[in-house]
Structures are given as C-alpha cells and as structure tokens.
>>> print(open('entry.cif').read())   # mmCIF, C-alpha atoms
data_start
loop_
_atom_site.group_PDB
_atom_site.id
_atom_site.type_symbol
_atom_site.label_atom_id
_atom_site.label_comp_id
_atom_site.auth_asym_id
_atom_site.auth_seq_id
_atom_site.Cartn_x
_atom_site.Cartn_y
_atom_site.Cartn_z
ATOM 1 C CA MET A 1 29.135 7.196 -23.804
ATOM 2 C CA GLU A 2 27.425 8.788 -20.815
ATOM 3 C CA ASN A 3 24.543 6.857 -19.375
ATOM 4 C CA PRO A 4 21.344 8.857 -20.078
ATOM 5 C CA TRP A 5 19.614 7.399 -17.046
ATOM 6 C CA ASP A 6 19.811 9.196 -13.733
ATOM 7 C CA GLN A 7 20.667 6.032 -11.834
ATOM 8 C CA LYS A 8 22.276 6.472 -8.434
ATOM 9 C CA GLU A 9 25.537 4.564 -8.103
ATOM 10 C CA MET A 10 25.608 3.725 -4.412
ATOM 11 C CA PRO A 11 27.337 1.001 -2.405
ATOM 12 C CA PHE A 12 25.268 -1.718 -0.788
ATOM 13 C CA THR A 13 25.411 -0.080 2.634
ATOM 14 C CA GLU A 14 24.011 3.151 1.194
ATOM 15 C CA HIS A 15 21.093 1.232 -0.308
ATOM 16 C CA LEU A 16 20.408 -0.353 3.078
ATOM 17 C CA ARG A 17 20.566 3.057 4.761
ATOM 18 C CA GLU A 18 18.146 4.528 2.246
ATOM 19 C CA LEU A 19 15.817 1.528 2.607
ATOM 20 C CA ARG A 20 15.839 1.909 6.391
ATOM 21 C CA MET A 21 15.056 5.621 6.112
ATOM 22 C CA ARG A 22 12.133 5.036 3.774
ATOM 23 C CA LEU A 23 10.778 2.229 5.964
ATOM 24 C CA LEU A 24 10.940 4.509 9.003
ATOM 25 C CA VAL A 25 9.099 7.268 7.118
ATOM 26 C CA SER A 26 6.436 4.767 6.010
ATOM 27 C CA ILE A 27 5.971 3.340 9.518
ATOM 28 C CA ALA A 28 5.818 6.821 11.036
ATOM 29 C CA THR A 29 3.213 7.871 8.457
ATOM 30 C CA VAL A 30 0.983 4.875 9.144
ATOM 31 C CA GLY A 31 1.417 5.300 12.908
ATOM 32 C CA ALA A 32 0.535 9.003 12.861
ATOM 33 C CA ILE A 33 -2.563 8.442 10.738
ATOM 34 C CA ALA A 34 -3.604 5.485 12.911
ATOM 35 C CA VAL A 35 -3.402 7.656 16.025
ATOM 36 C CA VAL A 36 -5.618 10.271 14.388
ATOM 37 C CA LEU A 37 -8.110 7.645 13.165
ATOM 38 C CA PHE A 38 -8.306 5.999 16.581
ATOM 39 C CA ILE A 39 -10.265 9.014 17.877
ATOM 40 C CA PRO A 40 -13.321 8.513 15.592
ATOM 41 C CA SER A 41 -12.900 4.705 15.372
ATOM 42 C CA LYS A 42 -15.752 4.100 17.830
ATOM 43 C CA ASP A 43 -18.167 6.191 15.751
ATOM 44 C CA VAL A 44 -17.034 4.588 12.488
ATOM 45 C CA ILE A 45 -17.511 1.063 13.860
ATOM 46 C CA THR A 46 -20.958 2.077 15.087
ATOM 47 C CA TRP A 47 -21.750 3.452 11.628
ATOM 48 C CA MET A 48 -20.582 0.227 9.955
ATOM 49 C CA THR A 49 -22.757 -1.819 12.273
ATOM 50 C CA ARG A 50 -25.795 0.367 11.642
ATOM 51 C CA THR A 51 -25.186 0.404 7.862
ATOM 52 C CA TYR A 52 -24.426 -3.260 7.209
ATOM 53 C CA PHE A 53 -26.060 -5.006 10.184
ATOM 54 C CA ALA A 54 -29.204 -2.980 10.876
ATOM 55 C CA GLY A 55 -31.028 -4.333 13.901
ATOM 56 C CA ILE A 56 -28.089 -6.503 14.973
ATOM 57 C CA GLN A 57 -26.299 -5.703 18.212
ATOM 58 C CA LEU A 58 -22.615 -6.580 18.306
ATOM 59 C CA HIS A 59 -21.207 -8.327 21.352
ATOM 60 C CA ALA A 60 -17.821 -8.283 23.023
ATOM 61 C CA PHE A 61 -16.747 -11.726 24.202
ATOM 62 C CA GLY A 62 -13.741 -10.402 26.078
ATOM 63 C CA PRO A 63 -12.831 -7.218 27.947
ATOM 64 C CA ALA A 64 -10.380 -6.147 25.232
ATOM 65 C CA ASP A 65 -12.426 -7.072 22.146
ATOM 66 C CA VAL A 66 -13.662 -3.546 21.464
ATOM 67 C CA ILE A 67 -10.301 -1.870 21.946
ATOM 68 C CA PHE A 68 -8.628 -4.450 19.697
ATOM 69 C CA ALA A 69 -11.269 -3.839 17.021
ATOM 70 C CA GLU A 70 -10.665 -0.083 17.255
ATOM 71 C CA PHE A 71 -6.900 -0.598 17.038
ATOM 72 C CA LYS A 72 -7.300 -2.848 14.017
ATOM 73 C CA PHE A 73 -9.561 -0.351 12.276
ATOM 74 C CA SER A 74 -7.083 2.458 13.010
ATOM 75 C CA ILE A 75 -4.074 0.540 11.697
ATOM 76 C CA ILE A 76 -5.828 -0.629 8.541
ATOM 77 C CA GLY A 77 -7.169 2.881 8.019
ATOM 78 C CA GLY A 78 -3.645 4.236 8.507
ATOM 79 C CA ILE A 79 -2.340 1.900 5.803
ATOM 80 C CA VAL A 80 -5.147 2.782 3.384
ATOM 81 C CA VAL A 81 -5.030 6.547 3.936
ATOM 82 C CA GLY A 82 -1.234 6.532 3.991
ATOM 83 C CA LEU A 83 -0.970 4.370 0.877
ATOM 84 C CA PRO A 84 0.060 7.298 -1.376
ATOM 85 C CA MET A 85 3.027 8.012 0.904
ATOM 86 C CA LEU A 86 3.893 4.294 1.133
ATOM 87 C CA LEU A 87 3.834 3.940 -2.642
ATOM 88 C CA TYR A 88 5.820 7.155 -3.012
ATOM 89 C CA GLN A 89 8.553 5.869 -0.684
ATOM 90 C CA LEU A 90 8.654 2.554 -2.550
ATOM 91 C CA TRP A 91 8.748 4.322 -5.898
ATOM 92 C CA MET A 92 11.543 6.692 -4.864
ATOM 93 C CA PHE A 93 13.584 3.695 -3.742
ATOM 94 C CA VAL A 94 13.290 1.774 -7.027
ATOM 95 C CA VAL A 95 12.914 4.596 -9.558
ATOM 96 C CA PRO A 96 16.661 5.112 -10.201
ATOM 97 C CA ALA A 97 16.831 1.623 -11.730
ATOM 98 C CA ILE A 98 13.793 2.116 -13.971
ATOM 99 C CA HIS A 99 13.974 3.403 -17.528
ATOM 100 C CA PRO A 100 12.507 6.909 -17.974
ATOM 101 C CA HIS A 101 10.001 5.566 -20.507
ATOM 102 C CA THR A 102 8.657 3.099 -17.943
ATOM 103 C CA ARG A 103 8.508 5.844 -15.323
ATOM 104 C CA ARG A 104 6.269 7.993 -17.527
ATOM 105 C CA MET A 105 4.005 5.000 -18.067
ATOM 106 C CA VAL A 106 3.697 4.423 -14.314
ATOM 107 C CA TYR A 107 2.924 8.101 -13.670
ATOM 108 C CA GLY A 108 0.074 7.908 -16.166
ATOM 109 C CA TYR A 109 -1.550 5.058 -14.228
ATOM 110 C CA ILE A 110 -1.679 6.763 -10.823
ATOM 111 C CA VAL A 111 -4.996 8.596 -11.205
ATOM 112 C CA PRO A 112 -6.809 5.664 -12.912
ATOM 113 C CA SER A 113 -5.547 3.364 -10.158
ATOM 114 C CA ILE A 114 -6.978 5.619 -7.430
ATOM 115 C CA LEU A 115 -10.305 5.915 -9.265
ATOM 116 C CA LEU A 116 -10.526 2.142 -9.700
ATOM 117 C CA ALA A 117 -9.788 1.606 -6.000
ATOM 118 C CA LEU A 118 -12.627 3.994 -5.115
ATOM 119 C CA ALA A 119 -14.891 2.167 -7.574
ATOM 120 C CA GLY A 120 -14.023 -1.127 -5.866
ATOM 121 C CA LEU A 121 -14.862 0.321 -2.448
ATOM 122 C CA ALA A 122 -18.170 1.672 -3.772
ATOM 123 C CA PHE A 123 -18.991 -1.689 -5.395
ATOM 124 C CA ALA A 124 -18.366 -3.501 -2.122
ATOM 125 C CA HIS A 125 -20.253 -0.900 -0.058
ATOM 126 C CA PHE A 126 -23.393 -0.618 -2.169
ATOM 127 C CA LEU A 127 -23.684 -4.054 -3.738
ATOM 128 C CA VAL A 128 -21.572 -6.815 -2.239
ATOM 129 C CA ILE A 129 -21.628 -6.345 1.540
ATOM 130 C CA PRO A 130 -25.404 -5.668 1.869
ATOM 131 C CA ARG A 131 -26.282 -8.712 -0.239
ATOM 132 C CA VAL A 132 -23.809 -11.018 1.441
ATOM 133 C CA VAL A 133 -24.898 -9.927 4.919
ATOM 134 C CA HIS A 134 -28.584 -10.313 3.984
ATOM 135 C CA ALA A 135 -27.975 -13.849 2.679
ATOM 136 C CA LEU A 136 -25.931 -14.867 5.710
ATOM 137 C CA LEU A 137 -28.487 -13.457 8.138
ATOM 138 C CA ALA A 138 -31.257 -15.363 6.358
ATOM 139 C CA ILE A 139 -29.296 -18.602 6.709
ATOM 140 C CA THR A 140 -28.444 -17.880 10.347
ATOM 141 C CA ASN A 141 -31.984 -16.881 11.363
ATOM 142 C CA ALA A 142 -33.323 -20.150 9.984
ATOM 143 C CA VAL A 143 -31.473 -22.181 12.593
ATOM 144 C CA ALA A 144 -30.112 -19.856 15.275
ATOM 145 C CA THR A 145 -30.219 -16.433 16.861
ATOM 146 C CA PRO A 146 -27.440 -14.242 15.427
ATOM 147 C CA THR A 147 -24.900 -13.178 18.040
ATOM 148 C CA PHE A 148 -21.975 -11.479 16.352
ATOM 149 C CA GLY A 149 -18.700 -10.533 17.981
ATOM 150 C CA VAL A 150 -17.405 -7.051 17.272
ATOM 151 C CA GLY A 151 -13.935 -8.281 16.220
ATOM 152 C CA PRO A 152 -14.908 -10.879 13.583
ATOM 153 C CA THR A 153 -17.659 -8.615 12.264
ATOM 154 C CA ILE A 154 -15.325 -5.673 11.668
ATOM 155 C CA ASN A 155 -12.776 -8.058 10.120
ATOM 156 C CA PHE A 156 -15.453 -9.304 7.741
ATOM 157 C CA VAL A 157 -16.320 -5.791 6.545
ATOM 158 C CA LEU A 158 -12.729 -4.555 6.264
ATOM 159 C CA ILE A 159 -11.598 -7.651 4.356
ATOM 160 C CA LEU A 160 -14.358 -7.291 1.779
ATOM 161 C CA LEU A 161 -13.659 -3.581 1.312
ATOM 162 C CA GLY A 162 -9.938 -4.241 0.910
ATOM 163 C CA VAL A 163 -10.439 -7.192 -1.433
ATOM 164 C CA PHE A 164 -12.552 -5.190 -3.859
ATOM 165 C CA ALA A 165 -10.225 -2.189 -3.772
ATOM 166 C CA ILE A 166 -7.472 -4.584 -4.908
ATOM 167 C CA ILE A 167 -9.630 -6.529 -7.378
ATOM 168 C CA PHE A 168 -10.539 -3.362 -9.265
ATOM 169 C CA GLN A 169 -6.833 -2.759 -9.976
ATOM 170 C CA MET A 170 -6.858 -5.605 -12.513
ATOM 171 C CA PRO A 171 -7.240 -3.417 -15.646
ATOM 172 C CA ILE A 172 -4.287 -1.279 -14.560
ATOM 173 C CA VAL A 173 -2.120 -4.337 -13.906
ATOM 174 C CA LEU A 174 -2.993 -6.072 -17.173
ATOM 175 C CA ILE A 175 -2.629 -2.915 -19.267
ATOM 176 C CA GLY A 176 0.751 -2.268 -17.674
ATOM 177 C CA LEU A 177 1.884 -5.834 -18.423
ATOM 178 C CA ALA A 178 0.639 -5.483 -21.990
ATOM 179 C CA ARG A 179 2.504 -2.201 -22.421
ATOM 180 C CA LEU A 180 5.684 -3.942 -21.289
ATOM 181 C CA GLY A 181 5.050 -6.737 -23.800
ATOM 182 C CA ILE A 182 4.531 -9.457 -21.189
ATOM 183 C CA VAL A 183 0.922 -10.180 -22.206
ATOM 184 C CA SER A 184 -1.306 -9.217 -25.135
ATOM 185 C CA SER A 185 -5.000 -9.160 -25.928
ATOM 186 C CA LYS A 186 -4.503 -12.345 -27.940
ATOM 187 C CA SER A 187 -2.821 -14.255 -25.117
ATOM 188 C CA LEU A 188 -5.427 -13.065 -22.618
ATOM 189 C CA ARG A 189 -8.225 -14.299 -24.891
ATOM 190 C CA GLN A 190 -6.540 -17.697 -25.143
ATOM 191 C CA TYR A 191 -6.535 -18.092 -21.359
ATOM 192 C CA ARG A 192 -10.135 -17.020 -20.718
ATOM 193 C CA ARG A 193 -11.189 -20.396 -19.338
ATOM 194 C CA HIS A 194 -8.137 -20.690 -17.144
ATOM 195 C CA ALA A 195 -8.753 -17.178 -15.809
ATOM 196 C CA PHE A 196 -12.415 -17.943 -15.085
ATOM 197 C CA PHE A 197 -11.466 -21.056 -13.127
ATOM 198 C CA GLY A 198 -8.655 -19.224 -11.329
ATOM 199 C CA PHE A 199 -10.941 -16.367 -10.303
ATOM 200 C CA PHE A 200 -13.293 -18.764 -8.542
ATOM 201 C CA ILE A 201 -10.351 -20.295 -6.715
ATOM 202 C CA VAL A 202 -9.275 -16.820 -5.635
ATOM 203 C CA GLY A 203 -12.878 -16.072 -4.648
ATOM 204 C CA GLY A 204 -12.954 -19.165 -2.471
ATOM 205 C CA ILE A 205 -9.707 -18.166 -0.764
ATOM 206 C CA ALA A 206 -10.605 -14.488 -0.364
ATOM 207 C CA ALA A 207 -14.209 -15.003 0.793
ATOM 208 C CA PRO A 208 -14.076 -14.231 4.522
ATOM 209 C CA ASP A 209 -17.116 -16.409 5.256
ATOM 210 C CA GLY A 210 -16.654 -19.263 2.763
ATOM 211 C CA ASN A 211 -20.151 -18.620 1.415
ATOM 212 C CA PRO A 212 -20.695 -19.529 -2.290
ATOM 213 C CA MET A 213 -22.489 -16.215 -2.854
ATOM 214 C CA THR A 214 -19.500 -14.286 -1.526
ATOM 215 C CA MET A 215 -17.217 -16.375 -3.728
ATOM 216 C CA ALA A 216 -19.343 -15.566 -6.787
ATOM 217 C CA LEU A 217 -19.518 -11.859 -5.919
ATOM 218 C CA ILE A 218 -15.714 -11.802 -5.798
ATOM 219 C CA ALA A 219 -15.028 -14.031 -8.818
ATOM 220 C CA LEU A 220 -17.559 -12.635 -11.303
ATOM 221 C CA PRO A 221 -16.427 -8.990 -11.063
ATOM 222 C CA MET A 222 -12.850 -10.213 -11.505
ATOM 223 C CA TYR A 223 -13.812 -11.997 -14.695
ATOM 224 C CA ALA A 224 -15.782 -8.969 -15.928
ATOM 225 C CA LEU A 225 -12.738 -6.756 -15.316
ATOM 226 C CA TYR A 226 -10.606 -9.328 -17.128
ATOM 227 C CA GLU A 227 -12.846 -9.112 -20.203
ATOM 228 C CA ILE A 228 -12.898 -5.315 -20.060
ATOM 229 C CA SER A 229 -9.109 -5.338 -19.858
ATOM 230 C CA ILE A 230 -8.876 -7.489 -22.988
ATOM 231 C CA TRP A 231 -10.869 -4.988 -25.029
ATOM 232 C CA LEU A 232 -9.006 -2.006 -23.607
ATOM 233 C CA ILE A 233 -5.681 -3.625 -24.440
ATOM 234 C CA PHE A 234 -6.921 -4.501 -27.935
ATOM 235 C CA VAL A 235 -7.743 -0.845 -28.590
ATOM 236 C CA LEU A 236 -4.545 0.454 -26.998
ATOM 237 C CA GLU A 237 -2.348 -1.979 -28.919
ATOM 238 C CA ARG A 238 -3.235 -0.204 -32.156
ATOM 239 C CA SER A 239 -2.095 3.150 -30.823
ATOM 240 C CA TRP A 240 1.084 1.589 -29.364
ATOM 241 C CA HIS A 241 1.958 -0.032 -32.691
ATOM 242 C CA ALA A 242 1.258 3.200 -34.578
ATOM 243 C CA ARG A 243 3.421 5.162 -32.136
ATOM 244 C CA ASN A 244 6.253 2.654 -32.479
ATOM 245 C CA ARG A 245 6.114 2.875 -36.278
ATOM 246 C CA THR A 246 6.206 6.659 -36.084
ATOM 247 C CA ALA A 247 9.159 6.570 -33.695
ATOM 248 C CA THR A 248 11.131 4.324 -36.068
#
>>> encode(input="entry.cif", output="structure tokens")
Amino acid sequence: MENPWDQKEMPFTEHLRELRMRLLVSIATVGAIAVVLFIPSKDVITWMTRTYFAGIQLHAFGPADVIFAEFKFSIIGGIVVGLPMLLYQLWMFVVPAIHPHTRRMVYGYIVPSILLALAGLAFAHFLVIPRVVHALLAITNAVATPTFGVGPTINFVLILLGVFAIIFQMPIVLIGLARLGIVSSKSLRQYRRHAFFGFFIVGGIAAPDGNPMTMALIALPMYALYEISIWLIFVLERSWHARNRTAT
C-alpha cells in the first residue's frame, strides 16, 4: 500500500545538506535584520531608559559598553523579528516526518501563539517592568545613589520582555500536549501544587535581579496561565471526544 504521507526519503547526507541550507538561511535572516536594527538601536535604548528609568542617567564603564549594548539589542531584535522565518525553516525541515493531522493542528496554533507573545510583551511593558524598577529603585535609594551601567540595564529589560513572551506561550503548549494525548485537564488538576512550586523555582531562576517581587511577578502569571489552560483543555476535550466519536 502506498504511504499517504508526503515524507521525503533522503539519505543522511541529503538531510545534513538541507539542515545546513536552512541554518544558513536562518543566520542570514537574523544578520540582515540585526544590521537594519542597529541603525535605530541608539534611539531605542534611549527610549527604554526614558520609559523604564525616568530620571536615571545610564553610565558606560568602558569605552565599548555602549556599542556592545547596541549590538546585543540588534542581535536579540533580529532573532525576535526574524522568529517567523526561523520557525518556518525549522518547520520545513521536520514537517515531512509529521502526520498531516498533526500539521493541521500546528497551523491552527500559529496566530494564537503570536497574539499570546504580544500579550506577554505588553504585560511586561505596562505592568511588570515599571513595578519592578520602582521597587528596586526604592531599595537602592535607601542606601546608595543609583549608578546603572548601560549594558546590565539593557540586559535586564530585554530578559524580562523575552521571559514574558515565552511564559505566555503556556496555554498553547499545554493545549497542544493535551491534543496529542500526553496530558489532560484531569492530570493537570492533580499536579496543581507541584506546578505552583515549580513556577516559583522557575521565577527564581528567570528573575534577572533575584528580587522576590520579580520572582512573584514571573511565577504568579505562570500559575494563572496554567489554571486558564486547564479550563480551556476541559472545554476542548468535549469537542475532541465528540469529533472522535463522529469520525468512528
């Protein structure tokens, strides 16, 4: 019987050649975007400083600190902006080995994933970073005069933005695992306490400043998204079961 999948039967060397080609395309994409973003990087860093650290003047503790900060912003921006192309190259490399049913499921999650990433960035921008910076400045001003280096400060902001863009992908990940039968709403409810404890561990690792408030602002949204995912999966499971009964 003919295999209904459109898998590509290629020797190992062909797979390596294709992998190399897709890696080169991905690197070239990130590099090109980074070059473009390097032009406004100075203005963006100034905007970040004015937005999150109003009244604070950043300092360069070495002659190359500013240029390194601009390079880092450009490269990270290149990865973020070029993420659709990176994911596309990864997907095109693995898609021949994936069942068509699973492919359709993945395609359906693309738009929600992008929207959740934007929601995570907005959450960090409007709620998390201002409050964390305000708390840290209050602690610092009580004992010292704040003198912030441009490199660590930009790292702090970029890490928080990236962390929350990833954190807000949790519903997509859990729903996808549930659709594949790896988890269920019942099993997720059983591990609520373990998840709550694990989220605070992750918060402690991911917090760029080690501050308990930052840890809580990372862990609590993760747990809230976990609970939301449980209820979404519970509702979706009914439609999945009904669809499976209809198909049989």
>>> closest_residue(input="entry.cif", among="A:Ile230, A:Gly204, A:Thr153, A:Phe199", to="Val183 (chain A)", atoms="all atoms listed in the file")
A:Ile230
>>> resolve_selection(input="entry.cif", expression="the PyMOL selection byres ((chain A and resi 216) around 12)", output="PyMOL selection string")
chain A and resi 128+131-132+196-197+199-207+210-215+217-224
>>> atom_distance(input="entry.cif", atom1="CA of Leu137 (chain A)", atom2="CA of Gly55 (chain A)")
11.1 Å
>>> resolve_selection(input="entry.cif", expression="the PyMOL selection byres ((chain A and resi 226) around 12)", output="PyMOL selection string")
chain A and resi 167-175+185+188-189+191-196+198-199+219-225+227-233
>>> resolve_selection(input="entry.cif", expression="the PyMOL selection byres ((chain A and resi 53) around 12)", output="number ranges by chain")
A: 45-52, 54-58, 129-137, 146-148, 150, 153-154, 156-157
>>> axis_aligned_box(input="entry.cif", around="region 48-56 of chain A", padding_each_side="6 Å", output="JSON")
{"center_x": -25.8, "center_y": -3.0, "center_z": 11.1, "size_x": 22.4, "size_y": 18.9, "size_z": 19.8}
>>> closest_residue(input="entry.cif", among="A:Ala28, A:Val111, A:Ala34, A:Val66", to="Leu86 (chain A)", atoms="only C-alpha atoms")
A:Ala28
>>> atom_distance(input="entry.cif", atom1="CA of Ser113 (chain A)", atom2="CA of Phe71 (chain A)")
27.5 Å
>>> residues_near_point(input="entry.cif", point="(15.5, 1.7, -1.5)", cutoff="10 Å", atoms="all atoms listed in the file", output="PDB file with C-alpha atoms, in the coordinates of the input")
ATOM      1  CA  GLU A  14      24.011   3.151   1.194  1.00  0.00           C
ATOM      2  CA  HIS A  15      21.093   1.232  -0.308  1.00  0.00           C
ATOM      3  CA  LEU A  16      20.408  -0.353   3.078  1.00  0.00           C
ATOM      4  CA  ARG A  17      20.566   3.057   4.761  1.00  0.00           C
ATOM      5  CA  GLU A  18      18.146   4.528   2.246  1.00  0.00           C
ATOM      6  CA  LEU A  19      15.817   1.528   2.607  1.00  0.00           C
ATOM      7  CA  ARG A  20      15.839   1.909   6.391  1.00  0.00           C
ATOM      8  CA  MET A  21      15.056   5.621   6.112  1.00  0.00           C
ATOM      9  CA  ARG A  22      12.133   5.036   3.774  1.00  0.00           C
ATOM     10  CA  LEU A  23      10.778   2.229   5.964  1.00  0.00           C
ATOM     11  CA  GLN A  89       8.553   5.869  -0.684  1.00  0.00           C
ATOM     12  CA  LEU A  90       8.654   2.554  -2.550  1.00  0.00           C
ATOM     13  CA  TRP A  91       8.748   4.322  -5.898  1.00  0.00           C
ATOM     14  CA  MET A  92      11.543   6.692  -4.864  1.00  0.00           C
ATOM     15  CA  PHE A  93      13.584   3.695  -3.742  1.00  0.00           C
ATOM     16  CA  VAL A  94      13.290   1.774  -7.027  1.00  0.00           C
ATOM     17  CA  VAL A  95      12.914   4.596  -9.558  1.00  0.00           C
ATOM     18  CA  PRO A  96      16.661   5.112 -10.201  1.00  0.00           C
TER      19      PRO A  96
END
>>> atom_distance(input="entry.cif", atom1="CA of Val80 (chain A)", atom2="CA of Leu158 (chain A)")
10.9 Å
>>> residues_around(input="entry.cif", residues="Ala119 (chain A)", least_positions_apart="5", cutoff="9 Å", atoms="only C-alpha atoms", output="VMD selection string")
chain A and resid 114 124 164 to 165 168
>>> closest_residue(input="entry.cif", among="A:Val25, A:Leu161, A:Ala142, A:Gly77", to="His125 (chain A)", atoms="all atoms listed in the file")
A:Leu161
>>> decode(input="entry.cif", residues="region 188-211 of chain A", atoms="C-alpha atoms", output="compact mmCIF listing (two decimals), in the first residue's frame")
# COMPACT_ATOMS: atom_id res chain seq x y z
CA LEU A 188 -3.09 18.95 35.18
CA ARG A 189 -5.50 19.45 38.08
CA GLN A 190 -3.77 16.68 40.02
CA TYR A 191 -0.41 18.43 39.72
CA ARG A 192 -1.56 21.94 40.68
CA ARG A 193 0.58 22.09 43.80
CA HIS A 194 3.64 20.75 42.04
CA ALA A 195 3.15 23.30 39.25
CA PHE A 196 2.78 26.16 41.74
CA PHE A 197 6.01 25.19 43.48
CA GLY A 198 7.79 24.68 40.15
CA PHE A 199 6.72 28.08 38.86
CA PHE A 200 8.33 29.82 41.81
CA ILE A 201 11.53 27.88 41.19
CA VAL A 202 11.43 28.99 37.56
CA GLY A 203 10.70 32.54 38.73
CA GLY A 204 13.75 32.47 40.96
CA ILE A 205 15.94 31.25 38.11
CA ALA A 206 14.50 33.61 35.49
CA ALA A 207 14.41 36.74 37.67
CA PRO A 208 17.31 38.84 36.34
CA ASP A 209 17.73 40.66 39.66
CA GLY A 210 16.92 37.91 42.18
CA ASN A 211 14.29 40.16 43.76
